[in-house]
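Working notes, structure below.
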Amino acid sequence: MNAPAEEQSNIQRDVMEYDVAIVGGGPAGLSCAIRLKQLQPGLNVCLLEKAAAVGAHALSGAVIEPGPLDALAPEWRESPPGICVPAVRDEFRLLTSRGGMRLPLPRQLHNRGNFIVSLGLLTPWLAQKAESLGVDVFPGFAAAAPLLTPDGAVAGVQLGDMGLGKDGRPGPHFMPGAEVRARTTIVAEGARGSLAKQLIARFGLDARSCPQTYGLGMKELWQLPAGRVRPGLIQHTLGWPLDPRTYGGSFIYHLDGNRVYVGFVVGLDYEDPRLTPFEAFQQFKHHPEIAPLLEGGEILAAGARTIAAGGWQSIPRLEMPGAMLIGDTGGGVNVPKIKGVHQAIRSGMLAAQHLAETGGPAGFDARWRTSPGGRELRAVRNFKPGFKRGLWLGMVNAGLETLAGGRTPWTLANRTPDHARLKRLGDYESPDRGWVERTLPPRDRLASVFFASTSHDESQPAHLKVLDPGICIDRCAREFGNPCQRFCPANVYEMVDDGSGGKRLQVNAANCVHCKACDIKDPYEIINWTPPEGGSGPNYQSL
């Protein structure tokens, strides 16, 4: 059993053997690990997480439906995560540049009975639960490539060239480049996982699905002056600062302790080559209805992450010989609800039950699609594609789909991947967005990176692989104006003077917050996001 890149190599690697290896310490992977041990206590299970600690790379809104979590570990209510606020009231507004109007609340956005939580604090609680059941949880280890048997089945993963233990030093469990072999490998990396990307291509798992489409979500935790926050209030908006042709919206979740989560999502299917999603988020905070809430406050933490938003049509086949895809890796987010955590937990639990009953991946794809989680996605399959023709037609379509309860006899297809939606400079007239001069923090993207607490060893090889930098210097500059300088929320990509009167691409890999927007939106598909040294990256445990 050898990794694809090592098929001819005689290098001897450290090897660990497990019944089940789970890649990813988010809600899907952890739920799967817990349920496996609940069902089969004697099973030998490990979970690999690329962050230095479980939860450090976990980023979501996050308002959760508690039903699946109650079914998995009902005792969570007795010791909830440090940020856990019951939802009390919902608001939904359409913003213009100077004001806004209240919209009827879609039934998908009714949140009574739900909770605003920090996913970065919930997942460590789940990790402790998993460890108490006997799961080997290894933070600081990134899966770099799949291992394959001679007949082509997945047989585990090869780890990256470096791993860090819980104390931040090289981990004691594996040597660099070790192999973790398993009868079944479960991939739970979240949206645009690097291992999943390899497996989807190798096994053609997306051959019968629409291209996945994504959103770039940016989020900040604010500390505000006393008296402004209404704990449990959940606010969402559409409209400004985006134009009607660009999908996206905001959220403000009111917490306890005079704190709020403020976030913004921009669909990465946008067409405008001049759009900067990070700037759209900052402009939203300066809207006349939003700025009074935030003025005088301070940012405590910030981050960004992509969301798999394609829904039912974009779900790849979730099984292959020796492995399964679960959670947001397979695209489980319910976009109209703006929720995915409950779906991830459902997916992980179902994968565990399927393995316990059948012993292998075969049949899991069909089982997920007919499960409550799959049926939930099918019922809302036409909401997000309806916005491809703009905000107004999208809202009309959403109203129709809501009235029909998902029973319309058609399925709207997404035929164009996000990178191919970007228009060339000469083919697109960017609108006047009415953006204003900013006064609220952060002052720029580098300041936002500081609030993400991201850390990469400057001497490690760059994990962002630009396959042909020459395209950036000439063709991309002429056709698109180097949009990597705009779609990246962390100022990773810069075109700088080359000292000879020209330009060169500078990749500031240490800034990377692991959102993976570059891997998705680059119009030439020449940026390949790969895992950096284990333990590197942001720290999102309060987000």
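Ordering of the structure tokens sets the chain letters (A, B, ...); residue numbers start at 1 within each chain; ligands are numbered from 1 in the order shown.
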Backbone-only DSSP, helix (DSSP H, G or I) members of stretch 75-173 of chain A, as a ChimeraX atom specification: /A:75-77,107-109,119-132
Keeping only N, CA and C atoms, take the residues you just selected and write them out as an mmCIF file, in the first residue's frame.
data_model
loop_
_atom_site.group_PDB
_atom_site.id
_atom_site.type_symbol
_atom_site.label_atom_id
_atom_site.label_comp_id
_atom_site.auth_asym_id
_atom_site.auth_seq_id
_atom_site.Cartn_x
_atom_site.Cartn_y
_atom_site.Cartn_z
ATOM 1 N N GLU A 75 -26.108 14.876 26.839
ATOM 2 C CA GLU A 75 -25.518 15.531 28.010
ATOM 3 C C GLU A 75 -24.860 16.852 27.674
ATOM 4 N N TRP A 76 -24.777 17.210 26.384
ATOM 5 C CA TRP A 76 -24.149 18.485 26.019
ATOM 6 C C TRP A 76 -24.884 19.661 26.646
ATOM 7 N N ARG A 77 -26.187 19.511 26.875
ATOM 8 C CA ARG A 77 -26.955 20.609 27.465
ATOM 9 C C ARG A 77 -26.570 20.857 28.922
ATOM 10 N N ARG A 107 -39.913 30.697 6.429
ATOM 11 C CA ARG A 107 -40.049 29.715 7.508
ATOM 12 C C ARG A 107 -38.725 29.013 7.809
ATOM 13 N N GLN A 108 -37.810 28.981 6.806
ATOM 14 C CA GLN A 108 -36.519 28.349 7.062
ATOM 15 C C GLN A 108 -35.681 29.128 8.073
ATOM 16 N N LEU A 109 -35.997 30.417 8.264
ATOM 17 C CA LEU A 109 -35.212 31.247 9.173
ATOM 18 C C LEU A 109 -35.860 31.420 10.541
ATOM 19 N N LEU A 119 -18.619 27.180 17.113
ATOM 20 C CA LEU A 119 -18.215 25.853 16.662
ATOM 21 C C LEU A 119 -16.803 25.532 17.140
ATOM 22 N N GLY A 120 -15.981 26.579 17.283
ATOM 23 C CA GLY A 120 -14.635 26.371 17.794
ATOM 24 C C GLY A 120 -14.593 25.931 19.245
ATOM 25 N N LEU A 121 -15.676 26.142 19.979
ATOM 26 C CA LEU A 121 -15.768 25.669 21.365
ATOM 27 C C LEU A 121 -16.591 24.392 21.484
ATOM 28 N N LEU A 122 -17.536 24.182 20.568
ATOM 29 C CA LEU A 122 -18.334 22.957 20.598
ATOM 30 C C LEU A 122 -17.502 21.744 20.183
ATOM 31 N N THR A 123 -16.673 21.894 19.168
ATOM 32 C CA THR A 123 -15.920 20.729 18.692
ATOM 33 C C THR A 123 -14.908 20.198 19.723
ATOM 34 N N PRO A 124 -14.228 21.028 20.518
ATOM 35 C CA PRO A 124 -13.386 20.441 21.567
ATOM 36 C C PRO A 124 -14.187 19.624 22.573
ATOM 37 N N TRP A 125 -15.415 20.061 22.863
ATOM 38 C CA TRP A 125 -16.266 19.262 23.755
ATOM 39 C C TRP A 125 -16.551 17.902 23.127
ATOM 40 N N LEU A 126 -16.848 17.890 21.839
ATOM 41 C CA LEU A 126 -17.091 16.614 21.151
ATOM 42 C C LEU A 126 -15.827 15.769 21.118
ATOM 43 N N ALA A 127 -14.663 16.408 20.964
ATOM 44 C CA ALA A 127 -13.401 15.660 20.948
ATOM 45 C C ALA A 127 -13.155 14.984 22.293
ATOM 46 N N GLN A 128 -13.458 15.683 23.384
ATOM 47 C CA GLN A 128 -13.313 15.073 24.704
ATOM 48 C C GLN A 128 -14.242 13.875 24.856
ATOM 49 N N LYS A 129 -15.461 14.016 24.331
ATOM 50 C CA LYS A 129 -16.405 12.908 24.356
ATOM 51 C C LYS A 129 -15.854 11.719 23.573
ATOM 52 N N ALA A 130 -15.310 11.996 22.397
ATOM 53 C CA ALA A 130 -14.751 10.918 21.580
ATOM 54 C C ALA A 130 -13.589 10.231 22.294
ATOM 55 N N GLU A 131 -12.696 11.020 22.887
ATOM 56 C CA GLU A 131 -11.555 10.433 23.588
ATOM 57 C C GLU A 131 -11.999 9.602 24.787
ATOM 58 N N SER A 132 -13.041 10.051 25.467
ATOM 59 C CA SER A 132 -13.528 9.286 26.619
ATOM 60 C C SER A 132 -14.081 7.920 26.211
#
With only C-alpha atoms counted and 12 Å as the cut-off, give the residues of stretch 34-53 of chain A in contact with stretch 140-164 of chain A, each with its shortest interatomic distance in Å and the pair that gives it, as CSV.
residue,atom,partner,partner_atom,distance
A:Cys46,CA,A:Gly156,CA,11.0
A:Leu47,CA,A:Phe141,CA,9.6
A:Leu48,CA,A:Phe141,CA,5.9
A:Glu49,CA,A:Phe141,CA,5.7
A:Lys50,CA,A:Ala142,CA,4.2
A:Ala51,CA,A:Gly140,CA,5.1
A:Ala52,CA,A:Gly140,CA,4.4
A:Ala53,CA,A:Gly140,CA,6.7
Selection from above, N, CA and C atoms, as a short mmCIF file (atom, residue, chain, number, x, y, z; two decimals), in the first residue's frame, can you write it?
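Writing the result to out.cif gives the following:
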data_model
loop_
_atom_site.label_atom_id
_atom_site.label_comp_id
_atom_site.auth_asym_id
_atom_site.auth_seq_id
_atom_site.Cartn_x
_atom_site.Cartn_y
_atom_site.Cartn_z
N CYS A 46 -9.24 6.20 14.83
CA CYS A 46 -8.45 7.41 15.05
C CYS A 46 -9.06 8.56 14.27
N LEU A 47 -8.81 9.76 14.74
CA LEU A 47 -9.27 10.97 14.08
C LEU A 47 -8.10 11.93 13.94
N LEU A 48 -7.84 12.38 12.71
CA LEU A 48 -6.74 13.28 12.41
C LEU A 48 -7.28 14.69 12.17
N GLU A 49 -6.68 15.67 12.79
CA GLU A 49 -7.09 17.07 12.64
C GLU A 49 -5.86 17.91 12.33
N LYS A 50 -5.90 18.69 11.23
CA LYS A 50 -4.72 19.44 10.81
C LYS A 50 -4.41 20.63 11.71
N ALA A 51 -5.39 21.16 12.43
CA ALA A 51 -5.14 22.28 13.33
C ALA A 51 -4.35 21.83 14.56
N ALA A 52 -3.69 22.78 15.21
CA ALA A 52 -2.91 22.46 16.40
C ALA A 52 -3.79 21.94 17.53
N ALA A 53 -5.06 22.36 17.54
CA ALA A 53 -6.01 21.89 18.54
C ALA A 53 -7.36 21.73 17.86
#
Considering only C-alpha atoms, tabulate each residue of stretch 379-407 of chain A that lies at most 12 Å from stretch 212-218 of chain A along with its nearest interatomic pair and the corresponding distance in Å to one decimal; arrange the rows by chain and ascending residue number and present them as CSV.
residue,atom,partner,partner_atom,distance
A:Lys384,CA,A:Thr213,CA,9.6
A:Pro385,CA,A:Thr213,CA,9.6
A:Lys388,CA,A:Thr213,CA,11.1
Find, counting only C-alpha atoms, the residue in A:Arg183, A:Arg433, A:Pro409, A:Pro321 that gets nearest to A:Phe284.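 The answer is A:Arg433, which sits nearest to A:Phe284.
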What are the closest atom pairs, with distances in Å to one decimal, for all residues of stretch 55-111 of chain A lying within 12 Å of stretch 435-440 of chain A? Consider only C-alpha atoms, order rows by chain and residue number, and present the result as CSV.
residue,atom,partner,partner_atom,distance
A:Thr96,CA,A:Trp435,CA,11.3
A:Ser97,CA,A:Trp435,CA,8.0
A:Arg98,CA,A:Trp435,CA,10.7
Grab the residues selected above and save them as a PDB file, in the first residue's frame with N, CA and C atoms.
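The resulting result_39.pdb:
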ATOM      1  N   THR A  96     -30.755  48.916   1.318  1.00  0.00           N
ATOM      2  CA  THR A  96     -30.314  49.790   0.249  1.00  0.00           C
ATOM      3  C   THR A  96     -29.108  50.555   0.783  1.00  0.00           C
ATOM      4  N   SER A  97     -28.523  51.408  -0.035  1.00  0.00           N
ATOM      5  CA  SER A  97     -27.327  52.108   0.420  1.00  0.00           C
ATOM      6  C   SER A  97     -27.609  53.056   1.585  1.00  0.00           C
ATOM      7  N   ARG A  98     -28.852  53.524   1.724  1.00  0.00           N
ATOM      8  CA  ARG A  98     -29.165  54.501   2.765  1.00  0.00           C
ATOM      9  C   ARG A  98     -30.161  54.006   3.811  1.00  0.00           C
TER      10      ARG A  98
END
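When only C-alpha atoms are used to compute distances to A:Gln485, the closest of the residues A:Ala517, A:Thr454, A:Pro531, A:Ser500 turns out to be A:Ala517.
Nearest residue to A:Arg443 among A:Phe251, A:Tyr428, A:Trp410, A:Phe278 is A:Phe278, counting only C-alpha atoms.
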What residues in stretch 214-350 of chain A get the DSSP label strand (DSSP E)? Please answer as JSON, numbers by chain. {"A": [214, 215, 216, 217, 218, 219, 220, 221, 222, 223, 233, 234, 235, 236, 237, 238, 239, 248, 249, 250, 251, 252, 253, 254, 259, 260, 261, 262, 263, 264, 265, 266, 267, 298, 299, 300, 301, 302, 303, 304, 305, 306, 307, 308, 319, 320, 323, 324, 325]}
Counting only C-alpha atoms, which residues of stretch 376-473 of chain A sit at most 12 Å from some atom of stretch 509-512 of chain A, and what is each one's closest atom pair with its distance in Å to one decimal, listed by chain and rising residue number, as CSV?
residue,atom,partner,partner_atom,distance
A:Arg445,CA,A:Asn511,CA,9.6
A:Leu446,CA,A:Asn511,CA,7.8
A:Ala447,CA,A:Asn511,CA,10.5
A:Ser448,CA,A:Asn511,CA,9.9
A:Val449,CA,A:Asn511,CA,6.5
A:Phe450,CA,A:Asn511,CA,8.8
A:Phe451,CA,A:Asn511,CA,11.3
A:Ala452,CA,A:Asn511,CA,9.5
A:Ser453,CA,A:Asn511,CA,9.7
A:Thr454,CA,A:Asn511,CA,6.9
A:Ser455,CA,A:Ala510,CA,6.7
A:His456,CA,A:Ala510,CA,5.1
A:Asp457,CA,A:Ala510,CA,7.2
A:Glu458,CA,A:Ala510,CA,6.4
A:Ser459,CA,A:Ala510,CA,9.6
A:Gln460,CA,A:Ala510,CA,9.4
A:Pro461,CA,A:Ala509,CA,9.1
A:Ala462,CA,A:Ala509,CA,6.0
A:His463,CA,A:Ala509,CA,7.0
A:Leu464,CA,A:Ala509,CA,6.7
A:Lys465,CA,A:Ala509,CA,9.8
A:Val466,CA,A:Ala509,CA,11.4
Go ahead and write the residues just picked, N, CA and C atoms, as a CSV table (one decimal), in the first residue's frame.
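The file below, again-v6.csv, is the result:
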chain,number,residue,atom,x,y,z
A,445,ARG,N,-6.9,44.2,5.3
A,445,ARG,CA,-6.9,42.7,5.4
A,445,ARG,C,-5.8,42.2,6.3
A,446,LEU,N,-4.7,42.9,6.3
A,446,LEU,CA,-3.6,42.4,7.2
A,446,LEU,C,-4.0,42.5,8.6
A,447,ALA,N,-4.7,43.6,9.0
A,447,ALA,CA,-5.2,43.7,10.3
A,447,ALA,C,-6.2,42.6,10.7
A,448,SER,N,-7.0,42.2,9.7
A,448,SER,CA,-7.9,41.2,10.0
A,448,SER,C,-7.2,39.8,10.2
A,449,VAL,N,-6.1,39.6,9.4
A,449,VAL,CA,-5.3,38.4,9.7
A,449,VAL,C,-4.8,38.3,11.1
A,450,PHE,N,-4.4,39.5,11.7
A,450,PHE,CA,-4.0,39.5,13.1
A,450,PHE,C,-5.1,39.0,14.0
A,451,PHE,N,-6.3,39.3,13.7
A,451,PHE,CA,-7.4,38.9,14.6
A,451,PHE,C,-7.8,37.4,14.3
A,452,ALA,N,-7.3,36.8,13.3
A,452,ALA,CA,-7.4,35.4,13.0
A,452,ALA,C,-6.4,34.6,13.8
A,453,SER,N,-5.4,35.2,14.4
A,453,SER,CA,-4.3,34.5,15.1
A,453,SER,C,-3.7,33.4,14.3
A,454,THR,N,-3.5,33.7,13.0
A,454,THR,CA,-2.9,32.7,12.1
A,454,THR,C,-1.4,32.6,12.3
A,455,SER,N,-0.9,31.4,12.2
A,455,SER,CA,0.6,31.2,12.4
A,455,SER,C,1.1,30.1,11.5
A,456,HIS,N,2.1,30.5,10.7
A,456,HIS,CA,2.8,29.5,9.8
A,456,HIS,C,4.3,29.8,10.0
A,457,ASP,N,5.0,28.7,10.1
A,457,ASP,CA,6.5,28.8,10.1
A,457,ASP,C,6.9,29.4,8.8
A,458,GLU,N,7.6,30.6,8.8
A,458,GLU,CA,8.0,31.3,7.6
A,458,GLU,C,8.9,30.4,6.8
A,459,SER,N,9.6,29.5,7.4
A,459,SER,CA,10.6,28.7,6.6
A,459,SER,C,10.0,27.4,6.0
A,460,GLN,N,8.8,27.1,6.3
A,460,GLN,CA,8.2,25.9,5.7
A,460,GLN,C,7.9,26.2,4.2
A,461,PRO,N,7.9,25.1,3.4
A,461,PRO,CA,7.6,25.3,1.9
A,461,PRO,C,6.2,25.9,1.8
A,462,ALA,N,6.0,26.7,0.8
A,462,ALA,CA,4.7,27.3,0.6
A,462,ALA,C,3.6,26.3,0.3
A,463,HIS,N,2.5,26.3,1.0
A,463,HIS,CA,1.5,25.3,0.8
A,463,HIS,C,0.5,25.7,-0.3
A,464,LEU,N,0.7,26.9,-0.8
A,464,LEU,CA,-0.2,27.4,-1.9
A,464,LEU,C,0.6,27.3,-3.2
A,465,LYS,N,0.3,26.3,-4.0
A,465,LYS,CA,1.1,26.0,-5.2
A,465,LYS,C,0.5,26.7,-6.4
A,466,VAL,N,1.2,27.6,-7.0
A,466,VAL,CA,0.8,28.3,-8.2
A,466,VAL,C,1.5,27.6,-9.4
Just give me the gap between atom CA of A:Phe264 and atom CA of A:Ala280 in Å, one decimal is fine.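 About the pair atom CA of A:Phe264 and atom CA of A:Ala280: they are 8.2 Å apart.
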Which one of A:Val266, A:Leu318, A:Ala188, A:Ala301 sits closest to A:Ala56 if you count only C-alpha atoms? A:Ala301
So how many Å separate atom CA of A:Leu59 and atom CA of A:Gly263, to one decimal?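 Those two atoms sit 11.2 Å apart.
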Pick from A:Ala351, A:Ala477, A:Leu391, A:Ala21: nearest to A:Ala182, with only C-alpha atoms counted?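 Of the candidates, the smallest distance to A:Ala182 is held by A:Ala21.
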I'd like the contact shell of stretch 114-117 of chain A - 7 Å cut-off, only C-alpha atoms, skipping same-chain residues fewer than 3 positions apart - returned as a list of chain:residue names.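 Selected residues are A:Ala62, A:Val63, A:Ile64, A:Glu65, A:Pro66, A:Ile83, A:Cys84, A:Val85, A:Pro86, A:Ala87, A:Asn111.
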Output of the above residues as a PDB file, in the first residue's frame, restricted to N, CA and C atoms:
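Result went into selection-v2.pdb, see below:
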ATOM      1  N   ALA A  62     -22.578  30.454  14.100  1.00  0.00           N
ATOM      2  CA  ALA A  62     -23.225  29.202  13.816  1.00  0.00           C
ATOM      3  C   ALA A  62     -24.485  29.137  14.694  1.00  0.00           C
ATOM      4  N   VAL A  63     -25.634  29.126  14.027  1.00  0.00           N
ATOM      5  CA  VAL A  63     -26.885  28.805  14.725  1.00  0.00           C
ATOM      6  C   VAL A  63     -27.161  27.335  14.436  1.00  0.00           C
ATOM      7  N   ILE A  64     -27.333  26.543  15.456  1.00  0.00           N
ATOM      8  CA  ILE A  64     -27.509  25.106  15.253  1.00  0.00           C
ATOM      9  C   ILE A  64     -28.907  24.657  15.662  1.00  0.00           C
ATOM     10  N   GLU A  65     -29.421  23.713  14.908  1.00  0.00           N
ATOM     11  CA  GLU A  65     -30.591  22.957  15.322  1.00  0.00           C
ATOM     12  C   GLU A  65     -30.101  21.847  16.242  1.00  0.00           C
ATOM     13  N   PRO A  66     -30.598  21.763  17.467  1.00  0.00           N
ATOM     14  CA  PRO A  66     -29.983  20.857  18.434  1.00  0.00           C
ATOM     15  C   PRO A  66     -30.403  19.401  18.314  1.00  0.00           C
ATOM     16  N   ILE A  83     -19.690  29.611  24.531  1.00  0.00           N
ATOM     17  CA  ILE A  83     -20.629  30.501  23.835  1.00  0.00           C
ATOM     18  C   ILE A  83     -21.797  29.647  23.378  1.00  0.00           C
ATOM     19  N   CYS A  84     -22.925  29.832  24.014  1.00  0.00           N
ATOM     20  CA  CYS A  84     -24.133  29.060  23.709  1.00  0.00           C
ATOM     21  C   CYS A  84     -25.336  29.862  24.199  1.00  0.00           C
ATOM     22  N   VAL A  85     -26.032  30.507  23.259  1.00  0.00           N
ATOM     23  CA  VAL A  85     -27.121  31.425  23.597  1.00  0.00           C
ATOM     24  C   VAL A  85     -28.396  30.961  22.908  1.00  0.00           C
ATOM     25  N   PRO A  86     -29.469  30.708  23.641  1.00  0.00           N
ATOM     26  CA  PRO A  86     -30.732  30.307  22.988  1.00  0.00           C
ATOM     27  C   PRO A  86     -31.252  31.402  22.056  1.00  0.00           C
ATOM     28  N   ALA A  87     -31.714  30.989  20.886  1.00  0.00           N
ATOM     29  CA  ALA A  87     -32.307  31.937  19.935  1.00  0.00           C
ATOM     30  C   ALA A  87     -33.635  32.443  20.482  1.00  0.00           C
ATOM     31  N   ASN A 111     -35.975  30.479  14.134  1.00  0.00           N
ATOM     32  CA  ASN A 111     -34.922  29.833  14.931  1.00  0.00           C
ATOM     33  C   ASN A 111     -35.303  29.535  16.376  1.00  0.00           C
TER      34      ASN A 111
END
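Relative to atom CA of A:Phe480, atom CA of A:Arg415 is found at 21.6 Å.
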